[in-house]
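Coordinates from work_22.txt are shown below (compact mmCIF, C-alpha atoms).
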# COMPACT_ATOMS: atom_id res chain seq x y z
CA MET G 139 10.08 17.49 -10.25
CA ASN G 140 10.92 17.23 -6.55
CA VAL G 141 7.19 17.49 -5.88
CA ILE G 142 5.37 15.86 -8.80
CA LEU G 143 7.34 12.61 -9.18
CA PRO G 144 7.43 11.70 -5.46
CA LEU G 145 3.75 12.65 -5.11
CA PHE G 146 2.74 10.50 -8.07
CA SER G 147 5.04 7.64 -7.01
CA GLY G 148 3.63 7.64 -3.48
CA PHE G 149 0.11 7.69 -4.89
CA ILE G 150 0.75 4.67 -7.14
CA ALA G 151 2.59 2.76 -4.41
CA ALA G 152 -0.32 3.27 -2.01
CA VAL G 153 -2.91 2.15 -4.57
CA ILE G 154 -0.92 -1.02 -5.31
CA GLY G 155 -0.35 -1.77 -1.63
CA ILE G 156 -3.89 -1.14 -0.39
CA LEU G 157 -6.02 -2.24 -3.34
CA PRO G 158 -6.14 -5.94 -2.37
CA PRO G 159 -8.86 -6.52 0.24
CA GLY G 160 -7.50 -6.09 3.73
CA LEU G 161 -8.72 -5.38 7.23
CA ILE G 162 -8.85 -1.59 6.81
CA ASN G 163 -10.59 -1.28 3.44
CA MET G 164 -13.01 -4.12 4.16
CA THR G 165 -13.89 -2.61 7.53
CA ALA G 166 -14.44 0.77 5.88
CA ALA G 167 -16.92 -0.87 3.50
CA LYS G 168 -18.61 -2.57 6.46
CA VAL G 169 -18.92 0.71 8.39
CA ASP G 170 -20.55 2.30 5.34
CA PHE G 171 -22.95 -0.64 5.11
CA THR G 172 -23.94 -0.58 8.79
CA ASP G 173 -23.51 3.04 9.90
CA GLY G 174 -23.65 5.14 6.75
CA ARG G 175 -21.26 7.14 4.59
CA LYS G 176 -20.45 9.83 7.16
CA ARG G 177 -19.19 7.39 9.81
CA ALA G 178 -17.30 5.44 7.17
CA MET G 179 -15.40 8.57 6.15
CA VAL G 180 -14.66 9.36 9.80
CA PHE G 181 -13.22 5.84 10.09
CA VAL G 182 -11.11 6.45 6.96
CA LEU G 183 -9.83 9.75 8.37
CA GLY G 184 -8.59 8.00 11.50
CA ALA G 185 -6.83 5.37 9.40
CA LEU G 186 -5.21 8.00 7.16
CA ILE G 187 -3.67 9.86 10.09
CA VAL G 188 -1.87 6.71 11.22
CA ILE G 189 -0.82 5.93 7.63
CA PHE G 190 0.69 9.44 7.37
CA PHE G 191 2.94 8.86 10.40
CA GLN G 192 3.76 5.27 9.40
CA THR G 193 4.87 6.45 5.95
CA TYR G 194 6.91 9.35 7.33
CA ILE G 195 8.72 7.04 9.78
CA SER G 196 9.35 4.59 6.92
CA VAL G 197 10.90 7.27 4.72
CA ILE G 198 13.14 8.56 7.53
CA PHE G 199 14.33 5.01 8.18
CA ALA G 200 14.86 4.55 4.44
CA GLN G 201 17.02 7.69 4.43
CA TYR G 202 19.36 6.08 6.95
CA ILE G 203 19.51 2.91 4.87
CA ASN G 204 20.13 4.90 1.70
CA ASN G 205 23.20 6.51 3.28
CA HIS G 206 24.74 3.07 3.69
CA GLN G 207 25.24 1.79 0.17
CA GLU G 208 26.04 -1.77 1.22
CA ILE G 209 22.60 -2.03 2.84
CA VAL G 210 20.93 -0.63 -0.29
CA VAL G 211 22.62 -3.22 -2.50
CA LEU G 212 21.64 -6.00 -0.11
CA LEU G 213 18.02 -4.81 -0.06
CA ARG G 214 17.92 -4.71 -3.85
CA GLU G 215 19.16 -8.28 -4.07
CA ILE G 216 16.73 -9.44 -1.38
CA GLY G 217 13.92 -7.51 -3.09
CA LEU G 218 14.78 -9.15 -6.42
CA VAL G 219 14.43 -12.60 -4.89
CA ILE G 220 11.24 -11.73 -3.00
CA PHE G 221 9.47 -10.09 -5.94
CA SER G 222 10.51 -12.88 -8.30
CA ILE G 223 9.10 -15.49 -5.91
CA LEU G 224 5.91 -13.47 -5.40
CA SER G 225 5.44 -13.04 -9.13
CA VAL G 226 5.78 -16.79 -9.80
CA TYR G 227 3.53 -17.61 -6.83
CA PHE G 228 0.69 -15.24 -7.74
CA LEU G 229 0.78 -16.10 -11.45
CA PHE G 230 0.96 -19.89 -11.16
CA PHE G 231 0.29 -21.22 -7.66
CA ALA G 232 -1.92 -18.86 -5.63
CA LYS G 233 -5.51 -19.92 -5.11
CA LYS G 234 -8.26 -17.56 -6.14
CA PRO G 235 -9.20 -15.35 -3.19
CA LYS G 236 -12.61 -15.72 -1.63
CA LEU G 237 -14.45 -12.68 -0.40
CA LYS G 238 -15.61 -12.83 3.17
CA SER G 239 -19.23 -12.15 3.77
CA GLN G 240 -20.00 -8.70 5.08
CA ASP G 241 -21.75 -10.39 7.97
CA SER G 242 -18.47 -11.99 9.03
CA LEU G 243 -16.98 -8.60 9.85
CA HIS G 244 -18.17 -7.77 13.33
CA LEU G 245 -18.02 -4.17 14.50
CA LYS G 246 -18.42 -4.01 18.23
CA SER G 247 -18.16 -0.32 19.06
CA LYS G 248 -20.16 2.42 17.38
CA ARG G 249 -18.93 5.23 19.61
CA SER G 250 -15.94 6.51 17.70
CA ARG G 251 -15.20 5.30 14.21
CA PHE G 252 -12.31 7.78 14.11
CA PHE G 253 -10.36 6.03 16.88
CA MET G 254 -11.41 2.66 15.51
CA GLY G 255 -9.80 3.60 12.18
CA MET G 256 -6.64 4.69 13.98
CA LEU G 257 -6.49 1.47 15.99
CA ILE G 258 -6.99 -0.89 13.05
CA SER G 259 -4.45 1.04 10.99
CA ALA G 260 -1.94 1.07 13.86
CA ILE G 261 -1.96 -2.72 14.27
CA ASN G 262 -1.18 -3.11 10.57
CA PHE G 263 2.64 -3.08 10.41
CA PHE G 264 2.90 -3.94 6.70
CA PRO G 265 3.16 -0.28 5.51
CA ILE G 266 6.46 0.37 7.33
CA PRO G 267 8.70 -2.21 5.56
CA TYR G 268 6.72 -1.69 2.35
CA TYR G 269 7.34 2.06 2.18
CA VAL G 270 10.95 1.65 3.31
CA PHE G 271 11.52 -0.55 0.27
CA VAL G 272 9.52 1.79 -1.98
CA SER G 273 11.53 4.82 -0.85
CA VAL G 274 14.91 3.14 -1.31
CA THR G 275 13.88 1.78 -4.72
CA LEU G 276 12.61 5.17 -5.93
CA ALA G 277 15.79 6.84 -4.71
CA SER G 278 17.91 4.30 -6.60
CA PHE G 279 16.17 5.33 -9.82
CA ASN G 280 16.56 9.05 -8.99
CA ILE G 281 12.79 9.46 -8.87
CA PHE G 282 12.94 10.49 -5.23
CA THR G 283 15.47 12.32 -3.08
CA PHE G 284 15.63 12.53 0.69
CA ASN G 285 14.97 16.24 1.12
CA PRO G 286 12.02 17.70 3.07
CA ILE G 287 9.99 18.68 -0.02
CA SER G 288 10.33 15.27 -1.67
CA ILE G 289 9.70 13.43 1.60
CA TYR G 290 6.45 15.26 2.32
CA SER G 291 5.40 14.97 -1.33
CA LEU G 292 5.85 11.19 -1.18
CA VAL G 293 4.02 10.95 2.14
CA PHE G 294 1.08 13.04 0.93
CA GLY G 295 0.99 10.98 -2.27
CA VAL G 296 0.64 7.85 -0.14
CA VAL G 297 -2.15 9.46 1.88
CA LEU G 298 -4.00 10.53 -1.28
CA GLY G 299 -3.64 7.09 -2.84
CA SER G 300 -4.82 5.43 0.36
CA PHE G 301 -7.82 7.75 0.55
CA LEU G 302 -8.78 6.97 -3.05
CA VAL G 303 -8.74 3.21 -2.46
CA PHE G 304 -10.66 3.49 0.83
CA TYR G 305 -13.22 5.79 -0.78
CA LEU G 306 -13.72 3.43 -3.71
CA TYR G 307 -14.31 0.55 -1.28
CA VAL G 308 -16.82 2.65 0.65
CA LEU G 309 -18.51 3.91 -2.51
CA PHE G 310 -18.71 0.84 -4.70
CA PHE G 311 -18.10 -2.35 -2.73
CA ASN G 312 -21.67 -2.97 -1.64
CA LYS G 313 -23.21 -1.58 -4.84
CA MET G 314 -21.01 -3.42 -7.32
CA LYS G 315 -20.36 -6.74 -5.59
CA SER G 316 -20.61 -8.75 -8.80
CA LYS G 317 -17.93 -6.67 -10.51
CA THR G 318 -15.87 -6.71 -7.35
CA ASP G 319 -16.04 -10.51 -7.35
CA TYR G 320 -14.81 -10.56 -10.96
CA PHE G 321 -11.98 -8.22 -10.07
CA MET G 322 -11.07 -10.37 -7.09
CA GLN G 323 -10.92 -13.51 -9.22
CA ASN G 324 -8.20 -11.83 -11.30
CA MET G 325 -6.38 -10.18 -8.39
CA ASN G 326 -3.61 -12.79 -8.33
CA LYS G 327 -2.73 -12.16 -11.97
CA ILE G 328 -2.72 -8.40 -11.44
CA ILE G 329 -0.43 -8.65 -8.41
CA GLY G 330 1.79 -11.18 -10.21
CA ILE G 331 2.27 -8.87 -13.20
CA ILE G 332 3.03 -5.89 -10.96
CA THR G 333 5.58 -7.80 -8.87
CA GLY G 334 7.10 -9.19 -12.07
CA ILE G 335 7.62 -5.69 -13.46
CA VAL G 336 9.17 -4.55 -10.16
CA ALA G 337 11.45 -7.61 -10.20
CA LEU G 338 12.67 -6.75 -13.72
CA PHE G 339 13.44 -3.17 -12.75
CA THR G 340 15.24 -4.39 -9.63
CA LEU G 341 17.22 -6.91 -11.69
CA TYR G 342 18.30 -4.12 -14.05
CA ASN G 343 19.47 -2.04 -11.10
CA VAL G 344 21.38 -4.93 -9.50
CA VAL G 345 23.14 -5.84 -12.78
CA LYS G 346 23.93 -2.19 -13.45
CA TYR G 347 25.56 -1.83 -10.02
CA HIS G 348 27.75 -4.94 -10.38
CA LEU G 349 28.95 -4.12 -13.92
Would you put the structure from the file into structure tokens?
Amino acid sequence: MNVILPLFSGFIAAVIGILPPGLINMTAAKVDFTDGRKRAMVFVLGALIVIFFQTYISVIFAQYINNHQEIVVLLREIGLVIFSILSVYFLFFAKKPKLKSQDSLHLKSKRSRFFMGMLISAINFFPIPYYVFVSVTLASFNIFTFNPISIYSLVFGVVLGSFLVFYLYVLFFNKMKSKTDYFMQNMNKIIGIITGIVALFTLYNVVKYHL
């Protein structure tokens, strides 16, 4: 259980976090479109290496936070407010996202897609606070413990989930644009439902702690 649950949890967390179109996955699709599948996968490999270290750093930081219960409680309460607001926003107020044209993504260098993937992934700081919160939340539900086996299982789960999403963008984005557009039109509802579920679980945990 110290391997399977953290691995699966990291996988799901990565899919949820990376599935919405962002700079990395959209650039991966663009590289496939302009330079071919091989270079696109080299780009993805560079991005995954940075994601591995970002996730590991996040979990180590989360371990420190988890050892200070007052910080954990505060984060749960903050997370409850944030996820509740996000759920309401995405379900009722967010505008439907518009896909940028592939031509609007300019790729200047063709020398090393590997280092390009590392660079673009490195300037994306969202994964660090995201996986800190994920780690603390999973630990609060006893799904994850801060021991070496569980930590590396969670990190590798994140890497596998990230790879799956990147690969799907590379494989299907240009071939299935019409279905991608349909998916994108419903992205707000999907995110709103997910954040709503997380908010309910967080509310349960907060109430349980204060009772």
- Message: So the first atom is CA of Val274 (chain G) and the second is CA of Leu224 (chain G); what is the distance between them in Å, to one decimal place?
- Response: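 Between CA of Val274 (chain G) and CA of Leu224 (chain G) the gap works out to 19.3 Å.
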- Note on the structure: Counting all atoms listed in the file, the residue among G:Val297, G:Ile150, G:Leu276, G:Leu186 that lies closest to Thr340 (chain G) is G:Leu276
- Query: Can you tell me, as a PyMOL selection string, which residues sit within 12 Å of (22.0, -0.1, -6.9) in the file's frame, using all atoms listed in the file?
  - Reply: chain G and resi 204+206-215+217-218+274-280+339-349
- Message: Just want the 8 Å neighbourhood of Tyr290 (chain G), counted on all atoms listed in the file, with same-chain residues fewer than 4 positions away dropped. Output as number ranges by chain.
- Response: G: 194, 286, 294
File dump, residues just selected, C-alpha atoms, as a CSV table (one decimal), in the coordinates of the input:
chain,number,residue,atom,x,y,z
G,194,TYR,CA,6.9,9.4,7.3
G,286,PRO,CA,12.0,17.7,3.1
G,294,PHE,CA,1.1,13.0,0.9
Once 4 Å is added on each side, what centre and edge lengths in Å to one decimal does the axis-aligned box around all listed atoms of region 188-193 of chain G have, as lines of an AutoDock Vina configuration file?
center_x = 1.5
center_y = 7.4
center_z = 8.6
size_x = 14.7
size_y = 12.2
size_z = 13.3
- Have a look at G:Ile335, G:Val188, G:Val303, G:Asn163 and name the one nearest to Ile261 (chain G); count only C-alpha atoms.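 Closest residue, counting only C-alpha atoms: G:Val188.
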- What is the distance between CA of Ser288 (chain G) and CA of Val141 (chain G), in Å to one decimal?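 These two atoms are separated by 5.7 Å.
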- In Å, rounded to a single decimal, give me how far CA of Ala167 (chain G) is from CA of Phe311 (chain G).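 Calculated distance between CA of Phe311 (chain G) and CA of Ala167 (chain G) is 6.5 Å.
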- Item | Selected residue of minimal separation from Ala260 (chain G) among G:Val180, G:Ser147, G:Phe190, G:Ile331, counting all atoms listed in the file |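 Looking at the shortest contact to Ala260 (chain G), the residue is G:Phe190.
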Give me the residues of region 268-288 of chain G that have any atom at most 10 Å from an atom of region 152-156 of chain G; for each, the nearest atom pair and the distance in Å, rounded to one decimal. Use only C-alpha atoms, sort by chain and number, and format it as a tab-separated table.
residue	atom	partner	partner_atom	distance
G:Tyr268	CA	G:Gly155	CA	8.1
G:Tyr269	CA	G:Ala152	CA	8.8
G:Val272	CA	G:Ala152	CA	10.0
Create the file for the chosen residues now, containing C-alpha atoms and written as a short mmCIF file (atom, residue, chain, number, x, y, z; two decimals), in the frame of the given file.
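As a result, result-v6.cif now contains:
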data_model
loop_
_atom_site.label_atom_id
_atom_site.label_comp_id
_atom_site.auth_asym_id
_atom_site.auth_seq_id
_atom_site.Cartn_x
_atom_site.Cartn_y
_atom_site.Cartn_z
CA TYR G 268 6.72 -1.69 2.35
CA TYR G 269 7.34 2.06 2.18
CA VAL G 272 9.52 1.79 -1.98
#
